[in-house]
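As structure tokens, the structure follows; a few thoughts come after it.
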Protein chains: 2
Amino acid sequence: MSGERPDPGTVRPGGRTAKVRAAVLRAAGDALAESGFDRLDLAEIARRAGVGKTTVYRRWGTVPGLVADVLTEMAEGSSPRTDTGSLLGDLTANARLVHRTLNDPRQGRLFRALITAAGCDAQAAAALHRFYRVRIAEWAPCVEAAVARGEAPEGTDAAEAIRAVSAPLYYRFLVSGDPLDEAAADRAAAAAVAAVEAGVFANGAAQP
Amino acid sequence: MSGERPDPGTVRPGGRTAKVRAAVLRAAGDALAESGFDRLDLAEIARRAGVGKTTVYRRWGTVPGLVADVLTEMAEGSSPRTDTGSLLGDLTANARLVHRTLNDPRQGRLFRALITAAGCDAQAAAALHRFYRVRIAEWAPCVEAAVARGEAPEGTDAAEAIRAVSAPLYYRFLVSGDPLDEAAADRAAAAAVAAVEAGVFANGAAQP
DNA sequence: CTCGTAATGGTTCTATAGTTCCGTTAGCAG
DNA sequence: CTGCTAACGGAACTATAGAACCATTACGAG
């Protein structure tokens with residue numbers, strides 16, 4: 001009895017264990033950005049991290065499990081939010097940040113790989129959703145500020161407005177394949193502002 | 001040297017070849033909907049289609065290659081467009097169709113698998129983009145009709161408006177994991193209408 | 001109808017992703 | 001500092017996805 005066996009790495013998270021985790025996550029990020037999700041080889045990652053292949057299989061088990069841990073680590077680092085003083089300015093800054101991220105050779109491939117992994121595995125999907133919940137919450141205050149300034153209707157759902165900015169960019173990136181340029185980013189922000197001003201994201205009644 | 005060897009299935013596309021293709025594509029769709037993209041086993045598909053494993057590998061080669069063919073077939077069947085007489089009505093009908101499709105157990109899993117496959121393979125991605133280009137073009141006329149009725153500004157990019165309807169739904173479905181209910185669909189349509197009316201998707205200048 | 005060959009399908013073979021085993025290293029409690 | 005054992009790492013092993021081979025079936029030109 002007593003099958004109590006804690007996950008490896010939790011009892012002695014000290015020096016070596018932490019170094020192994022950091023090295024493997026870095027190597028995994030590099031490999032995801034270079035090769036994509038499906039061509040990921042855990043043995044290759046172990047080699048690049050200077051770590052035993054057995055260790056990677058023992059700690060993370062599967063490719064999506066490793067991706068989930070990469071996402072958990074990414075959620076901890078926060079991205080600075082801009083404050084331009086106007087809702088359109090702030091949302092345009094957000095849209096351009098998303099645009100730059102998805103167009104950046106390394107980051108773009110990485111995000112595609114992460115989202116692809118989430119399409120294959122529930123654990124990776126849960127980690128992805130947590131990551132975006134954090135990011136959306138980081139940007140929500142700029143909508144709340146707009147409400148406080150009277151630029152947006154009372155009761156506007158800030159998270160929904162932020163999602164409305166990203167959505168058209170991710171849709172192009174993942175689904176339709178249409179060009180993802182800065183004009184598209186600016187349009188996404190402008191469309192979100194138009195919807196906010198029309199009261200589409202306000203909870204009570206709306207639409208003057 | 002004459003290395004000229006046409007792809008298998010192109011010289012004699014008659015009875016048996018066509019039957020094999022149909023059976024394999026049907027089995028592939030079922031398997032994608034049930035197991036998802038990563039757990040796809042070409043041997044299992046061959047078994048379910050009542051076809052030799054060798055044939056599947058010879059005709060389609062890889063999993064993403066098979067997915068690309070599934071998408072090509074799907075692009076041929078068209079989905080009926082509604083005509084309610086108002087832009088908001090038409091776009092709401094579109095949003096609800098997308099919402100129903102993504103929430104349907106079989107279709108939802110299938111689309112997730114298809115998009116996931118596109119994240120792994122350029123050929124599947126190209127097929128996915130063609131599929132959505134067709135679908136978007138099918139719905140574009142309802143925006144053009146709104147322009148003709150004077151409901152929308154001259155020069156409105158119809159395809160962009162249609163994309164704006166789908167984008168928030170796919171964003172929830174693939175990226176953020178937020179609930180994808182009918183209220184979200186209606187909000188997506190309302191937001192798109194607000195953006196259209198504000199002239200965000202008009203080509204010249206805009207914003208009265 | 002007859003024939004040439006495109007296309008299929010069972011079997012066997014191979015490369016490699018992932019597992020198991022066990023000896024070695026080093027975190028941390030006392 | 002010392003000892004216990006969590007965690008690591010190399011090597012040998014196994015299961016399976018995908019390739020190669022060749023005999024069989026049946027499309028379609030004449």
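Naming works like this for the structure tokens: A, B, ... for the chains as they're shown, residue 1 at the start of each chain, ligands 1 onward in shown order.
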
Exercise for the section: Excluding region 19-30 of chain C and residues on its chain fewer than 5 positions from it, collect all residues at most 12 Å away from it, counting only C-alpha atoms (C1' of nucleotides), and give them as a count of residues only. Expected result: 30

Practice task
Based on DSSP run over this structure's backbone, return all residues of region 144-181 of chain A in alpha helix (DSSP H), as a PyMOL selection string.
Solution key: chain A and resi 144-149+158-171

Exercise for the section: Take CA of Thr55 (chain A) and CA of Gly77 (chain A) and report the distance between them in Å, one decimal. Expected result: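 Separating CA of Thr55 (chain A) from CA of Gly77 (chain A) is a distance of 25.4 Å.
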
Problem - Residue contacts of DA17 (chain C) (9 Å, only C-alpha atoms (C1' of nucleotides)) excluding same-chain residues fewer than 6 positions away, as a PyMOL selection string - result: (chain A and resi 41-43) or (chain D and resi 16)

Practice task
Compute the set of chain D residues within 10 Å of chain B, using only C-alpha atoms (C1' of nucleotides), and express it as number ranges by chain.
Solution key: D: 17-19, 26-28

Handout entry: Nearby residues (only C-alpha atoms (C1' of nucleotides)) at most 12 Å from DT24 (chain D), same-chain spacing under 2 positions excluded, as a ChimeraX atom specification
Key = /C:7-10 /D:22,26

Just N, CA and C atoms (P, O5', C5', C4', C3', O3' and C1' of nucleotides) for this one: save the residues we selected as a PDB file, in the first residue's frame.
ATOM      1  P    DA C   7      -2.899   5.148 -61.440  1.00  0.00           P
ATOM      2  O5'  DA C   7      -3.318   4.069 -60.361  1.00  0.00           O
ATOM      3  C5'  DA C   7      -4.608   3.489 -60.427  1.00  0.00           C
ATOM      4  C4'  DA C   7      -4.733   2.399 -59.389  1.00  0.00           C
ATOM      5  C3'  DA C   7      -4.185   2.758 -58.001  1.00  0.00           C
ATOM      6  O3'  DA C   7      -5.259   2.757 -57.076  1.00  0.00           O
ATOM      7  C1'  DA C   7      -3.547   0.561 -58.667  1.00  0.00           C
ATOM      8  P    DT C   8      -5.032   2.818 -55.488  1.00  0.00           P
ATOM      9  O5'  DT C   8      -5.160   1.278 -55.098  1.00  0.00           O
ATOM     10  C5'  DT C   8      -6.341   0.576 -55.458  1.00  0.00           C
ATOM     11  C4'  DT C   8      -6.231  -0.882 -55.021  1.00  0.00           C
ATOM     12  C3'  DT C   8      -6.035  -1.080 -53.517  1.00  0.00           C
ATOM     13  O3'  DT C   8      -6.971  -2.045 -53.056  1.00  0.00           O
ATOM     14  C1'  DT C   8      -4.383  -2.271 -54.725  1.00  0.00           C
ATOM     15  P    DG C   9      -7.197  -2.210 -51.484  1.00  0.00           P
ATOM     16  O5'  DG C   9      -6.215  -3.396 -51.084  1.00  0.00           O
ATOM     17  C5'  DG C   9      -6.362  -4.670 -51.694  1.00  0.00           C
ATOM     18  C4'  DG C   9      -5.387  -5.657 -51.066  1.00  0.00           C
ATOM     19  C3'  DG C   9      -5.143  -5.477 -49.570  1.00  0.00           C
ATOM     20  O3'  DG C   9      -4.945  -6.763 -48.981  1.00  0.00           O
ATOM     21  C1'  DG C   9      -3.103  -5.290 -50.693  1.00  0.00           C
ATOM     22  P    DG C  10      -5.429  -6.991 -47.496  1.00  0.00           P
ATOM     23  O5'  DG C  10      -4.376  -8.071 -46.940  1.00  0.00           O
ATOM     24  C5'  DG C  10      -4.293  -9.336 -47.524  1.00  0.00           C
ATOM     25  C4'  DG C  10      -2.848  -9.807 -47.607  1.00  0.00           C
ATOM     26  C3'  DG C  10      -2.154  -9.959 -46.241  1.00  0.00           C
ATOM     27  O3'  DG C  10      -1.694 -11.294 -46.097  1.00  0.00           O
ATOM     28  C1'  DG C  10      -0.776  -8.748 -47.789  1.00  0.00           C
TER      29       DG C  10
ATOM     30  P    DC D  22      11.092  -8.154 -54.991  1.00  0.00           P
ATOM     31  O5'  DC D  22       9.674  -8.830 -55.280  1.00  0.00           O
ATOM     32  C5'  DC D  22       9.147  -9.745 -54.326  1.00  0.00           C
ATOM     33  C4'  DC D  22       7.663  -9.962 -54.536  1.00  0.00           C
ATOM     34  C3'  DC D  22       7.242 -10.228 -55.997  1.00  0.00           C
ATOM     35  O3'  DC D  22       6.261 -11.238 -55.993  1.00  0.00           O
ATOM     36  C1'  DC D  22       5.954  -8.518 -55.125  1.00  0.00           C
ATOM     37  P    DA D  26     -11.315  -7.144 -58.394  1.00  0.00           P
ATOM     38  O5'  DA D  26     -11.178  -6.003 -59.508  1.00  0.00           O
ATOM     39  C5'  DA D  26     -10.805  -4.690 -59.104  1.00  0.00           C
ATOM     40  C4'  DA D  26     -10.470  -3.849 -60.337  1.00  0.00           C
ATOM     41  C3'  DA D  26     -11.521  -3.899 -61.457  1.00  0.00           C
ATOM     42  O3'  DA D  26     -11.524  -2.658 -62.114  1.00  0.00           O
ATOM     43  C1'  DA D  26      -9.499  -4.521 -62.333  1.00  0.00           C
TER      44       DA D  26
END

Which residues are near Leu40 (chain B)? Cut-off 12 Å, only C-alpha atoms (C1' of nucleotides), ignore same chain within fewer than 3 positions. Put them as a PDB file with C-alpha atoms (C1' of nucleotides), in the first residue's frame.
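And here's selection-v7.pdb as it stands now:
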ATOM      1  CA  CYS A 120      -3.507  17.810 -29.309  1.00  0.00           C
TER       2      CYS A 120
ATOM      3  CA  ALA B  27     -12.616   7.123 -42.321  1.00  0.00           C
ATOM      4  CA  ALA B  28     -10.073   9.909 -41.885  1.00  0.00           C
ATOM      5  CA  GLY B  29     -12.790  12.412 -41.012  1.00  0.00           C
ATOM      6  CA  ASP B  30     -14.263  10.008 -38.467  1.00  0.00           C
ATOM      7  CA  ALA B  31     -10.873   9.284 -36.938  1.00  0.00           C
ATOM      8  CA  LEU B  32      -9.976  12.987 -36.751  1.00  0.00           C
ATOM      9  CA  ALA B  33     -13.273  13.740 -35.028  1.00  0.00           C
ATOM     10  CA  GLU B  34     -12.827  10.871 -32.573  1.00  0.00           C
ATOM     11  CA  SER B  35      -9.145  10.793 -31.747  1.00  0.00           C
ATOM     12  CA  GLY B  36      -7.775  14.131 -32.863  1.00  0.00           C
ATOM     13  CA  PHE B  37      -4.880  14.881 -35.139  1.00  0.00           C
ATOM     14  CA  ALA B  43      -3.013   1.840 -40.492  1.00  0.00           C
ATOM     15  CA  GLU B  44      -6.162   2.224 -38.383  1.00  0.00           C
ATOM     16  CA  ILE B  45      -7.727   4.443 -41.040  1.00  0.00           C
ATOM     17  CA  ALA B  46      -6.905   1.876 -43.700  1.00  0.00           C
ATOM     18  CA  THR B  62       1.732  11.456 -44.413  1.00  0.00           C
ATOM     19  CA  VAL B  63      -1.002  12.369 -41.945  1.00  0.00           C
ATOM     20  CA  PRO B  64      -1.003  16.068 -42.873  1.00  0.00           C
ATOM     21  CA  LEU B  66      -4.297  13.136 -45.885  1.00  0.00           C
ATOM     22  CA  VAL B  67      -5.747  16.011 -43.862  1.00  0.00           C
ATOM     23  CA  ALA B 113      -7.947  18.616 -35.715  1.00  0.00           C
ATOM     24  CA  LEU B 114      -7.810  20.233 -39.155  1.00  0.00           C
ATOM     25  CA  ALA B 117      -2.779  19.736 -38.674  1.00  0.00           C
TER      26      ALA B 117
ATOM     27  C1'  DA D  17       5.062   3.836 -37.458  1.00  0.00           C
TER      28       DA D  17
END

Handout entry: Proximal residues of chain B relative to chain A (only C-alpha atoms; 9 Å) as a PyMOL selection string
Key = chain B and resi 36-39+112-113+115-121+125-126+128-133+163-172+174-178+187-188+190-201

Produce a file of the selected residues containing N, CA and C atoms, as a compact mmCIF listing (two decimals), in the first residue's frame.
# COMPACT_ATOMS: atom_id res chain seq x y z
N GLY B 36 -8.62 12.96 -32.70
CA GLY B 36 -7.78 14.13 -32.86
C GLY B 36 -6.62 13.86 -33.80
N PHE B 37 -5.90 14.93 -34.09
CA PHE B 37 -4.88 14.88 -35.14
C PHE B 37 -3.67 14.04 -34.75
N ASP B 38 -3.21 14.19 -33.53
CA ASP B 38 -1.94 13.57 -33.16
C ASP B 38 -2.06 12.06 -32.98
N ARG B 39 -3.26 11.60 -32.59
CA ARG B 39 -3.40 10.17 -32.36
C ARG B 39 -3.82 9.43 -33.62
N ARG B 112 -11.01 21.36 -35.06
CA ARG B 112 -9.82 21.55 -34.24
C ARG B 112 -8.66 20.71 -34.79
N ALA B 113 -8.98 19.49 -35.17
CA ALA B 113 -7.95 18.62 -35.71
C ALA B 113 -7.39 19.17 -37.02
N ILE B 115 -7.27 22.31 -38.05
CA ILE B 115 -6.46 23.50 -37.80
C ILE B 115 -5.15 23.11 -37.12
N THR B 116 -5.21 22.12 -36.25
CA THR B 116 -3.99 21.62 -35.63
C THR B 116 -3.04 21.04 -36.67
N ALA B 117 -3.60 20.30 -37.61
CA ALA B 117 -2.78 19.74 -38.67
C ALA B 117 -2.12 20.84 -39.48
N ALA B 118 -2.87 21.92 -39.72
CA ALA B 118 -2.32 23.04 -40.47
C ALA B 118 -1.15 23.69 -39.73
N GLY B 119 -1.16 23.57 -38.41
CA GLY B 119 -0.05 24.11 -37.62
C GLY B 119 1.20 23.27 -37.72
N CYS B 120 1.08 22.09 -38.28
CA CYS B 120 2.22 21.18 -38.38
C CYS B 120 2.77 21.07 -39.79
N ASP B 121 1.99 21.40 -40.78
CA ASP B 121 2.37 21.08 -42.14
C ASP B 121 1.92 22.16 -43.11
N ALA B 125 -1.77 23.51 -44.23
CA ALA B 125 -2.09 24.92 -44.00
C ALA B 125 -2.63 25.55 -45.28
N ALA B 126 -1.99 25.26 -46.40
CA ALA B 126 -2.45 25.82 -47.68
C ALA B 126 -3.88 25.36 -47.97
N LEU B 128 -6.11 24.46 -45.79
CA LEU B 128 -7.01 25.13 -44.83
C LEU B 128 -7.33 26.55 -45.29
N HIS B 129 -6.31 27.26 -45.75
CA HIS B 129 -6.52 28.64 -46.19
C HIS B 129 -7.45 28.67 -47.41
N ARG B 130 -7.26 27.72 -48.33
CA ARG B 130 -8.16 27.65 -49.48
C ARG B 130 -9.59 27.41 -49.02
N PHE B 131 -9.74 26.49 -48.06
CA PHE B 131 -11.09 26.18 -47.55
C PHE B 131 -11.76 27.43 -47.01
N TYR B 132 -11.06 28.20 -46.19
CA TYR B 132 -11.69 29.38 -45.59
C TYR B 132 -11.87 30.49 -46.62
N ARG B 133 -10.98 30.56 -47.59
CA ARG B 133 -11.19 31.56 -48.65
C ARG B 133 -12.52 31.30 -49.33
N ARG B 163 -14.71 37.96 -41.88
CA ARG B 163 -13.66 37.46 -40.98
C ARG B 163 -13.85 38.01 -39.57
N ALA B 164 -14.28 39.27 -39.48
CA ALA B 164 -14.46 39.89 -38.16
C ALA B 164 -15.53 39.17 -37.35
N VAL B 165 -16.47 38.54 -38.03
CA VAL B 165 -17.52 37.81 -37.32
C VAL B 165 -16.95 36.51 -36.74
N SER B 166 -16.23 35.77 -37.57
CA SER B 166 -15.70 34.48 -37.13
C SER B 166 -14.59 34.61 -36.11
N ALA B 167 -13.76 35.64 -36.26
CA ALA B 167 -12.52 35.73 -35.49
C ALA B 167 -12.70 35.54 -33.98
N PRO B 168 -13.62 36.27 -33.34
CA PRO B 168 -13.72 36.11 -31.88
C PRO B 168 -14.12 34.69 -31.48
N LEU B 169 -14.88 34.02 -32.32
CA LEU B 169 -15.33 32.66 -31.99
C LEU B 169 -14.16 31.68 -32.10
N TYR B 170 -13.41 31.80 -33.18
CA TYR B 170 -12.24 30.94 -33.32
C TYR B 170 -11.20 31.26 -32.26
N TYR B 171 -11.08 32.51 -31.89
CA TYR B 171 -10.11 32.89 -30.86
C TYR B 171 -10.43 32.18 -29.55
N ARG B 172 -11.69 32.16 -29.17
CA ARG B 172 -12.08 31.44 -27.96
C ARG B 172 -11.83 29.96 -28.13
N LEU B 174 -9.78 28.29 -30.07
CA LEU B 174 -8.41 27.79 -30.24
C LEU B 174 -7.43 28.35 -29.23
N VAL B 175 -7.64 29.58 -28.79
CA VAL B 175 -6.60 30.27 -28.06
C VAL B 175 -6.93 30.47 -26.59
N SER B 176 -8.00 31.23 -26.31
CA SER B 176 -8.22 31.65 -24.93
C SER B 176 -9.02 30.63 -24.13
N GLY B 177 -9.84 29.80 -24.79
CA GLY B 177 -10.61 28.81 -24.07
C GLY B 177 -11.82 29.36 -23.35
N ASP B 178 -12.14 30.64 -23.56
CA ASP B 178 -13.32 31.20 -22.93
C ASP B 178 -14.58 30.56 -23.50
N ARG B 187 -22.68 38.58 -29.92
CA ARG B 187 -21.80 39.72 -29.68
C ARG B 187 -20.80 39.89 -30.83
N ALA B 188 -20.30 38.76 -31.34
CA ALA B 188 -19.35 38.84 -32.46
C ALA B 188 -20.00 39.51 -33.66
N ALA B 190 -22.62 41.56 -33.60
CA ALA B 190 -22.90 42.96 -33.28
C ALA B 190 -21.63 43.81 -33.37
N ALA B 191 -20.52 43.24 -32.89
CA ALA B 191 -19.25 43.98 -32.95
C ALA B 191 -18.84 44.21 -34.40
N ALA B 192 -19.03 43.19 -35.24
CA ALA B 192 -18.66 43.35 -36.65
C ALA B 192 -19.51 44.44 -37.29
N VAL B 193 -20.81 44.45 -36.99
CA VAL B 193 -21.69 45.48 -37.56
C VAL B 193 -21.25 46.86 -37.10
N ALA B 194 -20.92 46.99 -35.81
CA ALA B 194 -20.47 48.28 -35.30
C ALA B 194 -19.23 48.76 -36.05
N ALA B 195 -18.30 47.82 -36.28
CA ALA B 195 -17.07 48.19 -36.98
C ALA B 195 -17.35 48.57 -38.42
N VAL B 196 -18.25 47.80 -39.08
CA VAL B 196 -18.61 48.12 -40.46
C VAL B 196 -19.22 49.52 -40.52
N GLU B 197 -20.16 49.80 -39.62
CA GLU B 197 -20.86 51.09 -39.66
C GLU B 197 -19.91 52.24 -39.36
N ALA B 198 -18.89 51.97 -38.54
CA ALA B 198 -17.91 53.01 -38.24
C ALA B 198 -16.93 53.21 -39.39
N GLY B 199 -17.03 52.36 -40.42
CA GLY B 199 -16.17 52.52 -41.59
C GLY B 199 -14.78 51.94 -41.41
N VAL B 200 -14.61 51.09 -40.42
CA VAL B 200 -13.29 50.52 -40.17
C VAL B 200 -12.82 49.66 -41.34
N PHE B 201 -13.77 49.03 -42.03
CA PHE B 201 -13.39 48.14 -43.12
C PHE B 201 -13.54 48.78 -44.49

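You can rank A:Leu25, A:Pro141, A:Arg81, A:Val56 by their closest distance to chain C using only C-alpha atoms (C1' of nucleotides), and at the top of that list sits A:Val56.
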
Handout entry: Point-to-point distance from CA of Asp69 (chain A) to CA of Pro8 (chain A), Å rounded to tenths
Key =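 CA of Pro8 (chain A) lies 14.0 Å from CA of Asp69 (chain A).
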